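Okay, so here's the structure we're looking at.
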Amino acid sequence: MDFMALAVEQAKQALADNEVPVGAVFVHNNKVIGRGRNDTNRSLNGTRHAEFMGIDEILQSHPPEILKETTLYVTVEPCIMCASALRQLEIKVVYFGAANDRFGGCGSVLSANKDPGPFRPYPAYPGFYREEAIMLLRNFYVQENPKAPVPKVKKQRVLKDNIAELDYTKYVTKDEFVRIYGQDKLDLFKSI
Amino acid sequence: MVRINRQGKFQQVLGLDASRQLGLVPVWYIELPATELSGMLAKLKESLPAEPFDLAHIRRIVKLETSEDKGILLRLLVCSQGLVPESTVQELVGSHKLHSARVSKYQADTKEESAQWSQESGWPISWRGNPAAVLPVLSPETQKQMEEWVERIAKSDRVRALVVNPITNELLADECEQKTTHPLNHAVMRAIQAVAERERQAKRGNPESENYLCLDMDVYTTDEPCTMCSMALVHSRIGRLIYIRQSTVSGAIDPRSQLSYGLHGRPQLNHTFQVWQYHLEG
């Protein structure tokens, strides 16, 4: 999971630039071919997520077909938009850190990665560098967003450090869980 | 039962909730004389936990018959099945025989739907109106303005998208899909990108320019957007989507399309927008 550490680095850079801290790294044949971090505030475009930034970098020098043999490491579960984009490119597999309860498209809100529909489905495995990903997000959200239509005043917000358990059953089957995380972790595979 | 909201050539594409089927919840009921009602209600209120479904729309008491010897006989809904074990329910109602019935899980949207669901489920729903179900209206002026934008893209041989400010009627973006080099360059994604570029330029001239994404804008497309583009419209906070053709395989708006995602009408996604399909034949 050293590649996920690189994705966390991307997320940290996003935070430094006052963007929602999400980072992504695309890996082909054990080599990084694309990097991305959230860029919605700078670009004034709500679709400039880390995944899209990375894909754009890849497509500058590779044909789209390379994505079929590419693995994505991303600190937060791809949103429904990104989950669909990745499926349209037939990404091979996705590893992510934190679940995205509000917009997640790989099991949290919808399973756009594997619901019956057009394009090859792909597996998406959660929980890698999850604590780091969550703490980065919390660091961002204790700030205020003056650009929101109705900015919220968050004076009372304090940074929490408790991390709730992840419900793996929403994202993977039991067989997948054993294969990816190991038999010894099976006590983590339960509905929460 | 699917609600229909047709305004001239525009038909509203409602969310998942509006095209829902009659959902049923199994319940227990008993029959008892009216004279025993208040005692029984008090006993049930004291002993039963809260219902897992909101059944406030279900009529709790149904009057059965009035006869000389028995007086008024009532049917009383006790609770949903599975709330507590059957033996506990039986204990609560004493010597009364437990009967099984099914009631509608949801409040209906219209009086007609309420009557239909009451009949289909076999247990009456009480109808006091449903303020959440008021349907929007398009004024003749709005329809005319919308029709002009639809006509602009109706004959396009490529998938095309417009972003229009509905207040000023100003065109902000007009883009076609460009998928040959970049498979994700769908018309909607390019139109959103064009609006962002426009605003970045506006800010260079006037740092005070304060347009937020595509907040409250109208988006016109030739085709029902795919999952990626529909969610991009949610992220961009648009006000209204108008499209001509349904995309039955890849569309993520119309609950009747195969994906049945209805992405424009899911409050959980923290933004919803109105959708209208334009019927060229009128």
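In the structure tokens, each chain is lettered A, B, ... as it comes, each chain's residues begin at 1, and ligands are numbered from 1 in order of appearance.
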Would you give me, as a Markdown table, each residue of chain B having an atom within 8 Å of an atom of chain A, along with its shortest atom pair and that distance in Å to one decimal, using only C-alpha atoms and sorting by chain and residue number?
| residue | atom | partner | partner_atom | distance |
| --- | --- | --- | --- | --- |
| B:Thr181 | CA | A:Pro64 | CA | 7.9 |
| B:His182 | CA | A:Leu59 | CA | 7.0 |
| B:Pro183 | CA | A:Pro64 | CA | 7.3 |
| B:Leu184 | CA | A:Ala85 | CA | 6.7 |
| B:Met189 | CA | A:Thr47 | CA | 8.0 |
| B:Ile192 | CA | A:Asn45 | CA | 7.1 |
| B:Gln193 | CA | A:Asn45 | CA | 6.5 |
| B:Ala196 | CA | A:Asn45 | CA | 5.3 |
| B:Glu197 | CA | A:Ser43 | CA | 7.7 |
| B:Glu199 | CA | A:Leu44 | CA | 7.4 |
| B:Arg200 | CA | A:Leu44 | CA | 7.1 |
| B:Tyr212 | CA | A:Lys147 | CA | 7.4 |
| B:Leu213 | CA | A:Asn45 | CA | 6.2 |
| B:Thr227 | CA | A:Ser84 | CA | 6.0 |
| B:Met228 | CA | A:Met81 | CA | 4.0 |
| B:Cys229 | CA | A:Met81 | CA | 6.8 |
| B:Ser230 | CA | A:Met81 | CA | 7.5 |
| B:Met231 | CA | A:Met81 | CA | 5.0 |
| B:Ala232 | CA | A:Thr47 | CA | 5.9 |
| B:His235 | CA | A:Gly46 | CA | 5.6 |
| B:Ser236 | CA | A:Gly46 | CA | 5.5 |
| B:Val249 | CA | A:Pro118 | CA | 7.2 |
| B:Ser250 | CA | A:Pro118 | CA | 6.7 |
| B:Gln258 | CA | A:Gly117 | CA | 7.7 |
| B:Leu259 | CA | A:Gly117 | CA | 6.6 |
| B:Gln268 | CA | A:Arg102 | CA | 6.8 |
| B:Leu269 | CA | A:Arg102 | CA | 6.0 |
| B:Asn270 | CA | A:Arg102 | CA | 7.8 |
Just N, CA, C and O atoms for this one: save the residues we selected as a tab-separated table (two decimals), in the first residue's frame.
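What ended up in part-v8.tsv:
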chain	number	residue	atom	x	y	z
B	181	THR	N	-10.83	11.72	-28.25
B	181	THR	CA	-9.55	11.70	-27.55
B	181	THR	C	-9.73	11.48	-26.05
B	181	THR	O	-8.85	10.95	-25.39
B	182	HIS	N	-10.86	11.86	-25.52
B	182	HIS	CA	-11.09	11.76	-24.08
B	182	HIS	C	-12.51	11.23	-23.88
B	182	HIS	O	-13.48	11.97	-24.05
B	183	PRO	N	-12.63	9.94	-23.53
B	183	PRO	CA	-13.95	9.32	-23.47
B	183	PRO	C	-14.90	9.97	-22.47
B	183	PRO	O	-16.09	9.69	-22.50
B	184	LEU	N	-14.39	10.79	-21.57
B	184	LEU	CA	-15.26	11.40	-20.56
B	184	LEU	C	-15.72	12.80	-20.95
B	184	LEU	O	-16.42	13.46	-20.18
B	189	MET	N	-20.32	17.51	-19.24
B	189	MET	CA	-19.05	17.78	-18.56
B	189	MET	C	-18.37	19.00	-19.21
B	189	MET	O	-17.82	19.86	-18.52
B	192	ILE	N	-20.21	22.27	-18.26
B	192	ILE	CA	-19.88	22.69	-16.88
B	192	ILE	C	-18.49	23.33	-16.86
B	192	ILE	O	-18.27	24.38	-16.24
B	193	GLN	N	-17.56	22.69	-17.58
B	193	GLN	CA	-16.20	23.22	-17.69
B	193	GLN	C	-16.21	24.62	-18.31
B	193	GLN	O	-15.52	25.53	-17.85
B	196	ALA	N	-17.30	27.23	-15.86
B	196	ALA	CA	-16.22	27.51	-14.90
B	196	ALA	C	-15.18	28.44	-15.53
B	196	ALA	O	-14.72	29.39	-14.90
B	197	GLU	N	-14.82	28.13	-16.77
B	197	GLU	CA	-13.83	28.98	-17.46
B	197	GLU	C	-14.32	30.41	-17.59
B	197	GLU	O	-13.58	31.37	-17.38
B	199	GLU	N	-16.41	31.95	-15.69
B	199	GLU	CA	-16.40	32.62	-14.39
B	199	GLU	C	-14.97	32.98	-13.97
B	199	GLU	O	-14.74	34.03	-13.37
B	200	ARG	N	-14.00	32.11	-14.30
B	200	ARG	CA	-12.60	32.45	-13.98
B	200	ARG	C	-12.18	33.71	-14.73
B	200	ARG	O	-11.50	34.58	-14.19
B	212	TYR	N	-21.65	31.11	-8.21
B	212	TYR	CA	-21.22	29.87	-7.56
B	212	TYR	C	-21.57	28.69	-8.45
B	212	TYR	O	-22.74	28.38	-8.65
B	213	LEU	N	-20.57	28.04	-9.02
B	213	LEU	CA	-20.77	26.86	-9.87
B	213	LEU	C	-21.87	27.14	-10.90
B	213	LEU	O	-21.83	28.18	-11.56
B	227	THR	N	-24.81	8.49	-15.63
B	227	THR	CA	-24.56	8.60	-14.19
B	227	THR	C	-23.52	9.67	-13.88
B	227	THR	O	-23.72	10.51	-12.99
B	228	MET	N	-22.41	9.64	-14.63
B	228	MET	CA	-21.34	10.63	-14.39
B	228	MET	C	-21.89	12.04	-14.55
B	228	MET	O	-21.70	12.90	-13.68
B	229	CYS	N	-22.57	12.30	-15.68
B	229	CYS	CA	-23.04	13.66	-15.97
B	229	CYS	C	-24.17	14.08	-15.02
B	229	CYS	O	-24.24	15.23	-14.61
B	230	SER	N	-25.05	13.17	-14.67
B	230	SER	CA	-26.14	13.51	-13.75
B	230	SER	C	-25.57	13.93	-12.39
B	230	SER	O	-26.02	14.90	-11.79
B	231	MET	N	-24.56	13.18	-11.92
B	231	MET	CA	-23.97	13.53	-10.62
B	231	MET	C	-23.17	14.81	-10.74
B	231	MET	O	-23.12	15.61	-9.79
B	232	ALA	N	-22.56	15.05	-11.91
B	232	ALA	CA	-21.86	16.33	-12.13
B	232	ALA	C	-22.85	17.49	-12.02
B	232	ALA	O	-22.51	18.56	-11.49
B	235	HIS	N	-23.43	18.03	-8.33
B	235	HIS	CA	-22.29	18.77	-7.76
B	235	HIS	C	-22.32	20.24	-8.17
B	235	HIS	O	-21.84	21.10	-7.45
B	236	SER	N	-22.85	20.53	-9.37
B	236	SER	CA	-22.83	21.90	-9.89
B	236	SER	C	-24.03	22.71	-9.45
B	236	SER	O	-24.15	23.88	-9.81
B	249	VAL	N	-30.76	2.95	-21.47
B	249	VAL	CA	-29.72	2.06	-20.95
B	249	VAL	C	-28.79	2.78	-19.96
B	249	VAL	O	-28.51	2.28	-18.88
B	250	SER	N	-28.32	3.97	-20.35
B	250	SER	CA	-27.30	4.62	-19.53
B	250	SER	C	-27.82	5.80	-18.71
B	250	SER	O	-27.11	6.35	-17.89
B	258	GLN	N	-33.19	1.97	-17.25
B	258	GLN	CA	-32.80	0.69	-16.64
B	258	GLN	C	-32.04	0.82	-15.31
B	258	GLN	O	-32.17	-0.02	-14.43
B	259	LEU	N	-31.20	1.88	-15.17
B	259	LEU	CA	-30.43	2.02	-13.93
B	259	LEU	C	-31.33	2.38	-12.76
B	259	LEU	O	-31.01	2.12	-11.60
B	268	GLN	N	-30.73	12.82	-0.03
B	268	GLN	CA	-29.49	12.40	0.65
B	268	GLN	C	-28.25	13.03	-0.01
B	268	GLN	O	-27.24	13.26	0.63
B	269	LEU	N	-28.34	13.31	-1.32
B	269	LEU	CA	-27.19	13.86	-2.05
B	269	LEU	C	-27.05	15.37	-1.86
B	269	LEU	O	-26.33	16.02	-2.61
B	270	ASN	N	-27.73	15.92	-0.95
B	270	ASN	CA	-27.71	17.33	-0.52
B	270	ASN	C	-27.99	18.39	-1.59
B	270	ASN	O	-27.93	19.58	-1.34
Check your understanding: Could you pull out all residues of stretch 41-282 of chain B with a DSSP call of strand (DSSP E or B) and give them as an MDAnalysis selection string?
Key -> chainID B and resid 58 61:67 71:80 99:104 125 160:165 170:176 218:223 226 240:245 251 274:278
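Between atom CA of B:Leu64 and atom CA of B:Val93 there is a distance of 18.5 Å.
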Can you pull out every residue from stretch 24-166 of chain A that DSSP, working from the backbone, puts in alpha helix (DSSP H), and format the result as a PDB file with N, CA, C and O atoms, in the first residue's frame?
ATOM      1  N   THR A  40     -11.489  21.744  -6.998  1.00  0.00           N
ATOM      2  CA  THR A  40     -12.775  22.385  -7.303  1.00  0.00           C
ATOM      3  C   THR A  40     -12.804  23.880  -6.955  1.00  0.00           C
ATOM      4  O   THR A  40     -13.403  24.667  -7.674  1.00  0.00           O
ATOM      5  N   ASN A  41     -12.145  24.258  -5.874  1.00  0.00           N
ATOM      6  CA  ASN A  41     -12.213  25.670  -5.459  1.00  0.00           C
ATOM      7  C   ASN A  41     -11.428  26.572  -6.399  1.00  0.00           C
ATOM      8  O   ASN A  41     -11.907  27.627  -6.822  1.00  0.00           O
ATOM      9  N   ARG A  42     -10.204  26.148  -6.748  1.00  0.00           N
ATOM     10  CA  ARG A  42      -9.396  26.966  -7.646  1.00  0.00           C
ATOM     11  C   ARG A  42     -10.042  27.074  -9.022  1.00  0.00           C
ATOM     12  O   ARG A  42     -10.127  28.141  -9.613  1.00  0.00           O
ATOM     13  N   SER A  43     -10.539  25.932  -9.536  1.00  0.00           N
ATOM     14  CA  SER A  43     -11.061  25.902 -10.909  1.00  0.00           C
ATOM     15  C   SER A  43     -12.481  26.458 -11.014  1.00  0.00           C
ATOM     16  O   SER A  43     -12.964  26.697 -12.117  1.00  0.00           O
ATOM     17  N   ALA A  50     -10.130  14.670  -7.664  1.00  0.00           N
ATOM     18  CA  ALA A  50      -8.788  14.102  -7.796  1.00  0.00           C
ATOM     19  C   ALA A  50      -8.720  13.071  -8.926  1.00  0.00           C
ATOM     20  O   ALA A  50      -7.754  13.042  -9.699  1.00  0.00           O
ATOM     21  N   GLU A  51      -9.758  12.235  -9.033  1.00  0.00           N
ATOM     22  CA  GLU A  51      -9.767  11.192 -10.056  1.00  0.00           C
ATOM     23  C   GLU A  51      -9.687  11.794 -11.456  1.00  0.00           C
ATOM     24  O   GLU A  51      -8.931  11.320 -12.322  1.00  0.00           O
ATOM     25  N   PHE A  52     -10.474  12.851 -11.693  1.00  0.00           N
ATOM     26  CA  PHE A  52     -10.481  13.479 -13.012  1.00  0.00           C
ATOM     27  C   PHE A  52      -9.139  14.142 -13.319  1.00  0.00           C
ATOM     28  O   PHE A  52      -8.666  14.120 -14.455  1.00  0.00           O
ATOM     29  N   MET A  53      -8.526  14.753 -12.300  1.00  0.00           N
ATOM     30  CA  MET A  53      -7.221  15.388 -12.513  1.00  0.00           C
ATOM     31  C   MET A  53      -6.206  14.332 -12.961  1.00  0.00           C
ATOM     32  O   MET A  53      -5.430  14.552 -13.895  1.00  0.00           O
ATOM     33  N   GLY A  54      -6.238  13.184 -12.296  1.00  0.00           N
ATOM     34  CA  GLY A  54      -5.313  12.103 -12.639  1.00  0.00           C
ATOM     35  C   GLY A  54      -5.578  11.534 -14.030  1.00  0.00           C
ATOM     36  O   GLY A  54      -4.646  11.300 -14.810  1.00  0.00           O
ATOM     37  N   ILE A  55      -6.853  11.335 -14.347  1.00  0.00           N
ATOM     38  CA  ILE A  55      -7.219  10.792 -15.668  1.00  0.00           C
ATOM     39  C   ILE A  55      -6.760  11.744 -16.770  1.00  0.00           C
ATOM     40  O   ILE A  55      -6.202  11.324 -17.784  1.00  0.00           O
ATOM     41  N   ASP A  56      -6.980  13.046 -16.557  1.00  0.00           N
ATOM     42  CA  ASP A  56      -6.553  14.017 -17.573  1.00  0.00           C
ATOM     43  C   ASP A  56      -5.050  13.951 -17.811  1.00  0.00           C
ATOM     44  O   ASP A  56      -4.588  14.045 -18.947  1.00  0.00           O
ATOM     45  N   GLU A  57      -4.283  13.776 -16.725  1.00  0.00           N
ATOM     46  CA  GLU A  57      -2.824  13.671 -16.882  1.00  0.00           C
ATOM     47  C   GLU A  57      -2.475  12.438 -17.715  1.00  0.00           C
ATOM     48  O   GLU A  57      -1.655  12.503 -18.641  1.00  0.00           O
ATOM     49  N   ILE A  58      -3.127  11.311 -17.411  1.00  0.00           N
ATOM     50  CA  ILE A  58      -2.839  10.067 -18.135  1.00  0.00           C
ATOM     51  C   ILE A  58      -3.144  10.208 -19.623  1.00  0.00           C
ATOM     52  O   ILE A  58      -2.345   9.826 -20.482  1.00  0.00           O
ATOM     53  N   LEU A  59      -4.315  10.809 -19.923  1.00  0.00           N
ATOM     54  CA  LEU A  59      -4.745  10.854 -21.317  1.00  0.00           C
ATOM     55  C   LEU A  59      -3.930  11.842 -22.160  1.00  0.00           C
ATOM     56  O   LEU A  59      -4.030  11.846 -23.382  1.00  0.00           O
ATOM     57  N   GLN A  60      -3.114  12.654 -21.501  1.00  0.00           N
ATOM     58  CA  GLN A  60      -2.228  13.528 -22.275  1.00  0.00           C
ATOM     59  C   GLN A  60      -1.141  12.735 -22.984  1.00  0.00           C
ATOM     60  O   GLN A  60      -0.636  13.159 -24.024  1.00  0.00           O
ATOM     61  N   SER A  61      -0.763  11.580 -22.421  1.00  0.00           N
ATOM     62  CA  SER A  61       0.341  10.836 -23.025  1.00  0.00           C
ATOM     63  C   SER A  61       0.044   9.355 -23.247  1.00  0.00           C
ATOM     64  O   SER A  61       0.923   8.604 -23.646  1.00  0.00           O
ATOM     65  N   ILE A  80     -20.271   9.346  -6.855  1.00  0.00           N
ATOM     66  CA  ILE A  80     -21.061   8.671  -7.898  1.00  0.00           C
ATOM     67  C   ILE A  80     -20.576   9.088  -9.285  1.00  0.00           C
ATOM     68  O   ILE A  80     -20.450   8.252 -10.183  1.00  0.00           O
ATOM     69  N   MET A  81     -20.248  10.369  -9.462  1.00  0.00           N
ATOM     70  CA  MET A  81     -19.751  10.848 -10.753  1.00  0.00           C
ATOM     71  C   MET A  81     -18.443  10.148 -11.120  1.00  0.00           C
ATOM     72  O   MET A  81     -18.293   9.622 -12.230  1.00  0.00           O
ATOM     73  N   CYS A  82     -17.499  10.140 -10.182  1.00  0.00           N
ATOM     74  CA  CYS A  82     -16.190   9.542 -10.455  1.00  0.00           C
ATOM     75  C   CYS A  82     -16.300   8.026 -10.610  1.00  0.00           C
ATOM     76  O   CYS A  82     -15.628   7.428 -11.457  1.00  0.00           O
ATOM     77  N   ALA A  83     -17.147   7.403  -9.800  1.00  0.00           N
ATOM     78  CA  ALA A  83     -17.321   5.950  -9.884  1.00  0.00           C
ATOM     79  C   ALA A  83     -17.802   5.572 -11.283  1.00  0.00           C
ATOM     80  O   ALA A  83     -17.351   4.587 -11.873  1.00  0.00           O
ATOM     81  N   SER A  84     -18.715   6.376 -11.825  1.00  0.00           N
ATOM     82  CA  SER A  84     -19.223   6.113 -13.174  1.00  0.00           C
ATOM     83  C   SER A  84     -18.141   6.396 -14.226  1.00  0.00           C
ATOM     84  O   SER A  84     -17.958   5.614 -15.160  1.00  0.00           O
ATOM     85  N   ALA A  85     -17.408   7.496 -14.060  1.00  0.00           N
ATOM     86  CA  ALA A  85     -16.324   7.831 -15.002  1.00  0.00           C
ATOM     87  C   ALA A  85     -15.301   6.695 -15.058  1.00  0.00           C
ATOM     88  O   ALA A  85     -14.870   6.279 -16.140  1.00  0.00           O
ATOM     89  N   LEU A  86     -14.923   6.183 -13.901  1.00  0.00           N
ATOM     90  CA  LEU A  86     -13.922   5.108 -13.842  1.00  0.00           C
ATOM     91  C   LEU A  86     -14.447   3.843 -14.521  1.00  0.00           C
ATOM     92  O   LEU A  86     -13.708   3.122 -15.174  1.00  0.00           O
ATOM     93  N   ARG A  87     -15.752   3.608 -14.367  1.00  0.00           N
ATOM     94  CA  ARG A  87     -16.338   2.425 -15.001  1.00  0.00           C
ATOM     95  C   ARG A  87     -16.374   2.585 -16.522  1.00  0.00           C
ATOM     96  O   ARG A  87     -16.134   1.640 -17.264  1.00  0.00           O
ATOM     97  N   GLN A  88     -16.653   3.803 -16.979  1.00  0.00           N
ATOM     98  CA  GLN A  88     -16.690   4.040 -18.423  1.00  0.00           C
ATOM     99  C   GLN A  88     -15.310   3.843 -19.039  1.00  0.00           C
ATOM    100  O   GLN A  88     -15.183   3.531 -20.213  1.00  0.00           O
ATOM    101  N   ARG A 130      -7.149   4.659   6.072  1.00  0.00           N
ATOM    102  CA  ARG A 130      -8.442   5.290   6.330  1.00  0.00           C
ATOM    103  C   ARG A 130      -8.352   6.393   7.378  1.00  0.00           C
ATOM    104  O   ARG A 130      -8.933   7.472   7.206  1.00  0.00           O
ATOM    105  N   GLU A 131      -7.624   6.139   8.479  1.00  0.00           N
ATOM    106  CA  GLU A 131      -7.542   7.135   9.553  1.00  0.00           C
ATOM    107  C   GLU A 131      -6.908   8.426   9.026  1.00  0.00           C
ATOM    108  O   GLU A 131      -7.399   9.517   9.310  1.00  0.00           O
ATOM    109  N   GLU A 132      -5.835   8.282   8.259  1.00  0.00           N
ATOM    110  CA  GLU A 132      -5.171   9.469   7.697  1.00  0.00           C
ATOM    111  C   GLU A 132      -6.152  10.259   6.824  1.00  0.00           C
ATOM    112  O   GLU A 132      -6.229  11.487   6.898  1.00  0.00           O
ATOM    113  N   ALA A 133      -6.892   9.522   5.970  1.00  0.00           N
ATOM    114  CA  ALA A 133      -7.835  10.175   5.052  1.00  0.00           C
ATOM    115  C   ALA A 133      -8.919  10.921   5.829  1.00  0.00           C
ATOM    116  O   ALA A 133      -9.254  12.064   5.510  1.00  0.00           O
ATOM    117  N   ILE A 134      -9.443  10.278   6.882  1.00  0.00           N
ATOM    118  CA  ILE A 134     -10.521  10.900   7.663  1.00  0.00           C
ATOM    119  C   ILE A 134     -10.016  12.136   8.408  1.00  0.00           C
ATOM    120  O   ILE A 134     -10.663  13.191   8.412  1.00  0.00           O
ATOM    121  N   MET A 135      -8.819  12.022   9.001  1.00  0.00           N
ATOM    122  CA  MET A 135      -8.305  13.171   9.764  1.00  0.00           C
ATOM    123  C   MET A 135      -8.012  14.355   8.852  1.00  0.00           C
ATOM    124  O   MET A 135      -8.216  15.509   9.230  1.00  0.00           O
ATOM    125  N   LEU A 136      -7.550  14.073   7.631  1.00  0.00           N
ATOM    126  CA  LEU A 136      -7.333  15.170   6.677  1.00  0.00           C
ATOM    127  C   LEU A 136      -8.655  15.872   6.362  1.00  0.00           C
ATOM    128  O   LEU A 136      -8.727  17.107   6.358  1.00  0.00           O
ATOM    129  N   LEU A 137      -9.701  15.086   6.129  1.00  0.00           N
ATOM    130  CA  LEU A 137     -11.016  15.679   5.839  1.00  0.00           C
ATOM    131  C   LEU A 137     -11.509  16.507   7.025  1.00  0.00           C
ATOM    132  O   LEU A 137     -12.014  17.612   6.858  1.00  0.00           O
ATOM    133  N   ARG A 138     -11.333  15.965   8.246  1.00  0.00           N
ATOM    134  CA  ARG A 138     -11.797  16.706   9.428  1.00  0.00           C
ATOM    135  C   ARG A 138     -11.039  18.010   9.583  1.00  0.00           C
ATOM    136  O   ARG A 138     -11.603  19.029   9.967  1.00  0.00           O
ATOM    137  N   ASN A 139      -9.748  17.944   9.269  1.00  0.00           N
ATOM    138  CA  ASN A 139      -8.954  19.171   9.332  1.00  0.00           C
ATOM    139  C   ASN A 139      -9.498  20.237   8.395  1.00  0.00           C
ATOM    140  O   ASN A 139      -9.475  21.420   8.696  1.00  0.00           O
ATOM    141  N   PHE A 140      -9.999  19.770   7.241  1.00  0.00           N
ATOM    142  CA  PHE A 140     -10.558  20.724   6.283  1.00  0.00           C
ATOM    143  C   PHE A 140     -11.910  21.244   6.747  1.00  0.00           C
ATOM    144  O   PHE A 140     -12.170  22.441   6.728  1.00  0.00           O
ATOM    145  N   TYR A 141     -12.783  20.337   7.209  1.00  0.00           N
ATOM    146  CA  TYR A 141     -14.161  20.734   7.489  1.00  0.00           C
ATOM    147  C   TYR A 141     -14.330  21.500   8.798  1.00  0.00           C
ATOM    148  O   TYR A 141     -15.407  22.043   9.038  1.00  0.00           O
TER     149      TYR A 141
END
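Put simply, atom CA of B:Lys97 is 12.4 Å away from atom CA of B:Leu77.
Across the model, the gap from atom CA of A:Tyr73 to atom CA of A:Met4 is 5.5 Å.
Residues surrounding B:Glu31 within 10 Å are Leu37, Ile61, Val62, Lys63, Leu64, Leu73, Leu74, Arg75, Leu76, Leu77, His96, Lys97, Leu98 and His99 of chain B [only C-alpha atoms; sequence separation below 6 positions excluded].
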Keeping only N, CA, C and O atoms, write the selected residues to a file as an mmCIF file, in the first residue's frame.
data_model
loop_
_atom_site.group_PDB
_atom_site.id
_atom_site.type_symbol
_atom_site.label_atom_id
_atom_site.label_comp_id
_atom_site.auth_asym_id
_atom_site.auth_seq_id
_atom_site.Cartn_x
_atom_site.Cartn_y
_atom_site.Cartn_z
ATOM 1 N N LEU B 37 -62.860 0.350 23.492
ATOM 2 C CA LEU B 37 -61.774 0.966 22.719
ATOM 3 C C LEU B 37 -60.776 1.755 23.564
ATOM 4 O O LEU B 37 -59.563 1.533 23.486
ATOM 5 N N ILE B 61 -58.477 3.077 13.339
ATOM 6 C CA ILE B 61 -59.755 2.460 13.739
ATOM 7 C C ILE B 61 -60.721 2.479 12.561
ATOM 8 O O ILE B 61 -60.922 3.522 11.936
ATOM 9 N N VAL B 62 -61.283 1.340 12.232
ATOM 10 C CA VAL B 62 -62.266 1.257 11.161
ATOM 11 C C VAL B 62 -63.586 0.768 11.752
ATOM 12 O O VAL B 62 -63.625 -0.245 12.452
ATOM 13 N N LYS B 63 -64.663 1.516 11.470
ATOM 14 C CA LYS B 63 -65.975 1.144 11.998
ATOM 15 C C LYS B 63 -66.546 0.009 11.149
ATOM 16 O O LYS B 63 -66.553 0.086 9.927
ATOM 17 N N LEU B 64 -66.990 -1.043 11.805
ATOM 18 C CA LEU B 64 -67.477 -2.199 11.065
ATOM 19 C C LEU B 64 -68.989 -2.194 10.886
ATOM 20 O O LEU B 64 -69.491 -2.143 9.791
ATOM 21 N N LEU B 73 -69.304 -2.078 16.441
ATOM 22 C CA LEU B 73 -68.145 -2.970 16.398
ATOM 23 C C LEU B 73 -67.031 -2.293 15.591
ATOM 24 O O LEU B 73 -67.273 -1.725 14.521
ATOM 25 N N LEU B 74 -65.815 -2.330 16.134
ATOM 26 C CA LEU B 74 -64.691 -1.642 15.485
ATOM 27 C C LEU B 74 -63.586 -2.619 15.136
ATOM 28 O O LEU B 74 -63.429 -3.658 15.778
ATOM 29 N N ARG B 75 -62.804 -2.239 14.139
ATOM 30 C CA ARG B 75 -61.582 -2.961 13.802
ATOM 31 C C ARG B 75 -60.437 -2.046 14.248
ATOM 32 O O ARG B 75 -60.367 -0.897 13.807
ATOM 33 N N LEU B 76 -59.552 -2.539 15.095
ATOM 34 C CA LEU B 76 -58.466 -1.702 15.639
ATOM 35 C C LEU B 76 -57.103 -2.258 15.219
ATOM 36 O O LEU B 76 -56.789 -3.425 15.493
ATOM 37 N N LEU B 77 -56.294 -1.396 14.574
ATOM 38 C CA LEU B 77 -54.943 -1.792 14.216
ATOM 39 C C LEU B 77 -54.092 -1.813 15.489
ATOM 40 O O LEU B 77 -54.016 -0.804 16.206
ATOM 41 N N HIS B 96 -59.279 -11.300 22.675
ATOM 42 C CA HIS B 96 -59.596 -10.957 21.282
ATOM 43 C C HIS B 96 -58.732 -11.772 20.320
ATOM 44 O O HIS B 96 -57.553 -11.976 20.554
ATOM 45 N N LYS B 97 -59.340 -12.188 19.221
ATOM 46 C CA LYS B 97 -58.601 -12.961 18.224
ATOM 47 C C LYS B 97 -57.736 -12.020 17.385
ATOM 48 O O LYS B 97 -58.187 -10.964 16.947
ATOM 49 N N LEU B 98 -56.465 -12.404 17.163
ATOM 50 C CA LEU B 98 -55.564 -11.587 16.330
ATOM 51 C C LEU B 98 -55.808 -11.895 14.855
ATOM 52 O O LEU B 98 -55.791 -13.047 14.444
ATOM 53 N N HIS B 99 -56.013 -10.833 14.050
ATOM 54 C CA HIS B 99 -56.158 -11.006 12.607
ATOM 55 C C HIS B 99 -54.965 -10.345 11.922
ATOM 56 O O HIS B 99 -54.382 -9.394 12.434
#
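Neighbours of B:Leu171 closer than or equal to 12 Å, with only C-alpha atoms counted and sequence neighbours fewer than 4 positions away skipped, come out as Gln145, Met146, Glu148, Trp149, Arg152, Ala161, Leu162, Val163, Val164, Asn165, Pro166, Ile167, Glu175, Ala191, Ala194, Val195, Arg198, Met217, Asp218, Val219 and Tyr220 of chain B.
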